[in-house]
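**Student:** Here's a structure for you.
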Amino acid sequence: MFLDNRQVAMDSVLEALADSLDYFQDNFERLRPALRDRLKPLYEERGKALRELQDLSKEHLDILPRDADVERDDYLWLWSRIKSFVGNDSQVLLGELLEQERVLMQALGTAFTHPLPDALEPALERCWKNCRALIRELNAQHKR
């Protein structure tokens with residue numbers, strides 16, 4: 001079965017959300033405790049958004065949920081660890097988390113250009129706001 005453009009766009013959002021959550025969970029212990037405490041509620045909110053969007057996508061777009069790209073996650077984790085040897089581990093990790101947000105924002109922007117079912121709009125808008133809040137927090141921490 002081939003996916004239409006709306007389904008592909010929504011699938012990209014779901015994949016970016018799953019990848020972002022997975023990357024955060026994989027690197028949770030590398031974060032400073034204070035930063036963990038600040039980011040954890042935002043990622044918990046993201047987990048809820050992912051589950052909601054998966055359910056809505058299945059119901060309205062016939063998209064089945066799928067897991068994060070494990071090979072990509074392994075590569076990103078390894079690459080991040082290598083960069084940490086030559087730079088500040090915290091700054092490298094913040095940069096990687098910001099990159100995850102950039103990918104998600106791009107996927108959300110693409111999804112918003114397609115005629116999606118009305119039921120998806122509020123969930124996508126909450127996801128957009130969550131992403132912006134995470135970017136603001138990560139940028140604030142990156143400057144420190």
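Labeling convention for the structure tokens: chains A, B, ... as they appear, residues from 1 per chain, ligands from 1 in order of appearance.
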For Arg6 of chain A, list every protein, DNA or RNA residue within 12 Å, evaluated using only C-alpha atoms, and leave out those in the same chain fewer than 2 positions away; present the list as number ranges by chain.
**Tutor:** A: 2-4, 8-13, 57, 60-63, 107-108, 110-117, 120
**Student:** Compile the contact shell of segment 123-125 of chain A as a PyMOL selection string: residues with an atom at most 7 Å away, counting only C-alpha atoms, same-chain residues fewer than 3 positions apart removed.
**Tutor:** chain A and resi 49+53+120+128-129
**Student:** With distances taken over only C-alpha atoms, which of A:Ile135, A:Lys143, A:Met105, A:Ser90 is nearest to Leu31 of chain A?
**Tutor:** A:Ser90
**Student:** Select from chain A everything DSSP, run on the backbone, classes as helix (DSSP H, G or I), then give the selection as an mmCIF file with C-alpha atoms, in the first residue's frame.
**Tutor:**
```
data_model
loop_
_atom_site.group_PDB
_atom_site.id
_atom_site.type_symbol
_atom_site.label_atom_id
_atom_site.label_comp_id
_atom_site.auth_asym_id
_atom_site.auth_seq_id
_atom_site.Cartn_x
_atom_site.Cartn_y
_atom_site.Cartn_z
ATOM 1 C CA ASN A 5 1.364 12.992 0.708
ATOM 2 C CA ARG A 6 -0.667 13.653 3.861
ATOM 3 C CA GLN A 7 0.191 10.235 5.238
ATOM 4 C CA VAL A 8 3.874 10.625 4.393
ATOM 5 C CA ALA A 9 3.991 14.027 6.092
ATOM 6 C CA MET A 10 2.259 12.710 9.197
ATOM 7 C CA ASP A 11 4.470 9.632 9.252
ATOM 8 C CA SER A 12 7.512 11.930 9.211
ATOM 9 C CA VAL A 13 6.144 13.807 12.234
ATOM 10 C CA LEU A 14 5.561 10.556 14.107
ATOM 11 C CA GLU A 15 9.043 9.317 13.259
ATOM 12 C CA ALA A 16 10.683 12.596 14.340
ATOM 13 C CA LEU A 17 8.734 12.554 17.617
ATOM 14 C CA ALA A 18 9.744 8.947 18.326
ATOM 15 C CA ASP A 19 13.385 9.634 17.417
ATOM 16 C CA SER A 20 13.464 12.702 19.646
ATOM 17 C CA LEU A 21 12.038 10.841 22.637
ATOM 18 C CA ASP A 22 14.323 7.889 22.084
ATOM 19 C CA TYR A 23 17.421 10.103 21.827
ATOM 20 C CA PHE A 24 16.496 11.946 25.033
ATOM 21 C CA GLN A 25 15.945 8.671 26.891
ATOM 22 C CA ASP A 26 19.204 7.192 25.585
ATOM 23 C CA PHE A 28 19.245 11.034 29.940
ATOM 24 C CA GLU A 29 22.149 10.088 32.225
ATOM 25 C CA ARG A 30 24.568 12.354 30.313
ATOM 26 C CA PRO A 33 20.713 16.751 37.025
ATOM 27 C CA ALA A 34 19.308 20.305 36.965
ATOM 28 C CA LEU A 35 18.900 20.157 33.181
ATOM 29 C CA ARG A 36 17.264 16.731 33.419
ATOM 30 C CA ASP A 37 14.718 18.179 35.821
ATOM 31 C CA ARG A 38 13.928 21.058 33.460
ATOM 32 C CA LEU A 39 13.640 18.930 30.318
ATOM 33 C CA LYS A 40 11.889 15.852 31.690
ATOM 34 C CA PRO A 41 8.364 17.403 31.900
ATOM 35 C CA LEU A 42 8.659 18.661 28.312
ATOM 36 C CA TYR A 43 9.649 15.210 27.066
ATOM 37 C CA GLU A 44 6.898 13.573 29.126
ATOM 38 C CA GLU A 45 4.442 15.914 27.402
ATOM 39 C CA ARG A 46 6.006 14.896 24.090
ATOM 40 C CA GLY A 47 5.443 11.221 24.877
ATOM 41 C CA LYS A 48 1.756 11.920 25.464
ATOM 42 C CA ALA A 49 1.592 13.898 22.212
ATOM 43 C CA LEU A 50 3.193 11.021 20.317
ATOM 44 C CA ARG A 51 0.669 8.506 21.635
ATOM 45 C CA GLU A 52 -2.223 10.874 20.856
ATOM 46 C CA LEU A 53 -0.975 11.552 17.333
ATOM 47 C CA GLN A 54 -0.401 7.844 16.709
ATOM 48 C CA ASP A 55 -3.992 7.107 17.712
ATOM 49 C CA LEU A 56 -5.389 9.973 15.640
ATOM 50 C CA SER A 57 -3.236 9.040 12.640
ATOM 51 C CA LYS A 58 -4.385 5.455 12.807
ATOM 52 C CA GLU A 59 -8.032 6.503 13.090
ATOM 53 C CA HIS A 60 -8.094 9.285 10.478
ATOM 54 C CA LEU A 61 -5.217 8.497 8.096
ATOM 55 C CA VAL A 70 17.224 2.152 15.825
ATOM 56 C CA GLU A 71 20.174 2.264 13.415
ATOM 57 C CA ARG A 72 19.932 6.055 13.201
ATOM 58 C CA ASP A 73 19.738 6.280 16.987
ATOM 59 C CA ASP A 74 22.836 4.125 17.385
ATOM 60 C CA TYR A 75 24.727 6.220 14.868
ATOM 61 C CA LEU A 76 23.692 9.518 16.503
ATOM 62 C CA TRP A 77 24.598 8.238 19.963
ATOM 63 C CA LEU A 78 28.023 7.034 18.803
ATOM 64 C CA TRP A 79 28.723 10.231 16.849
ATOM 65 C CA SER A 80 27.723 12.338 19.868
ATOM 66 C CA ARG A 81 30.038 10.360 22.142
ATOM 67 C CA ILE A 82 32.942 10.772 19.713
ATOM 68 C CA LYS A 83 32.364 14.542 19.513
ATOM 69 C CA SER A 84 32.292 14.668 23.325
ATOM 70 C CA PHE A 85 35.900 13.502 23.457
ATOM 71 C CA VAL A 86 37.049 16.687 21.710
ATOM 72 C CA ASP A 89 29.975 16.827 26.594
ATOM 73 C CA SER A 90 27.090 19.002 27.807
ATOM 74 C CA GLN A 91 27.391 21.416 24.898
ATOM 75 C CA VAL A 92 27.634 18.569 22.393
ATOM 76 C CA LEU A 93 24.532 16.927 23.822
ATOM 77 C CA LEU A 94 22.591 20.207 23.828
ATOM 78 C CA GLY A 95 23.539 20.694 20.184
ATOM 79 C CA GLU A 96 22.340 17.200 19.331
ATOM 80 C CA LEU A 97 19.041 17.756 21.160
ATOM 81 C CA LEU A 98 18.585 21.020 19.248
ATOM 82 C CA GLU A 99 19.180 19.141 16.001
ATOM 83 C CA GLN A 100 16.404 16.702 16.955
ATOM 84 C CA GLU A 101 14.101 19.693 17.435
ATOM 85 C CA ARG A 102 15.076 21.129 14.060
ATOM 86 C CA VAL A 103 14.132 17.851 12.367
ATOM 87 C CA LEU A 104 10.813 17.762 14.212
ATOM 88 C CA MET A 105 9.997 21.394 13.355
ATOM 89 C CA GLN A 106 10.727 20.683 9.705
ATOM 90 C CA ALA A 107 8.419 17.641 9.753
ATOM 91 C CA LEU A 108 5.677 19.622 11.501
ATOM 92 C CA GLY A 109 6.020 22.474 9.004
ATOM 93 C CA THR A 110 5.626 20.042 6.128
ATOM 94 C CA ALA A 111 2.600 18.392 7.746
ATOM 95 C CA PHE A 112 0.901 21.781 8.162
ATOM 96 C CA LEU A 120 -5.220 16.285 14.017
ATOM 97 C CA GLU A 121 -4.819 20.068 14.001
ATOM 98 C CA PRO A 122 -5.036 20.757 17.770
ATOM 99 C CA ALA A 123 -2.669 17.881 18.584
ATOM 100 C CA LEU A 124 -0.149 19.089 15.998
ATOM 101 C CA GLU A 125 -0.374 22.645 17.317
ATOM 102 C CA ARG A 126 0.311 21.435 20.878
ATOM 103 C CA CYS A 127 3.265 19.481 19.544
ATOM 104 C CA TRP A 128 4.554 22.630 17.780
ATOM 105 C CA LYS A 129 4.296 24.614 21.029
ATOM 106 C CA ASN A 130 6.084 21.855 22.946
ATOM 107 C CA CYS A 131 8.856 21.879 20.369
ATOM 108 C CA ARG A 132 9.214 25.665 20.642
ATOM 109 C CA ALA A 133 9.350 25.433 24.453
ATOM 110 C CA LEU A 134 12.078 22.796 24.214
ATOM 111 C CA ILE A 135 14.055 24.894 21.741
ATOM 112 C CA ARG A 136 13.839 27.928 24.039
ATOM 113 C CA GLU A 137 15.028 25.879 27.022
ATOM 114 C CA LEU A 138 17.831 24.186 25.074
ATOM 115 C CA ASN A 139 19.015 27.529 23.664
ATOM 116 C CA ALA A 140 18.987 29.070 27.147
ATOM 117 C CA GLN A 141 21.051 26.172 28.479
ATOM 118 C CA HIS A 142 23.375 26.264 25.455
ATOM 119 C CA LYS A 143 24.280 29.901 26.241
#
```
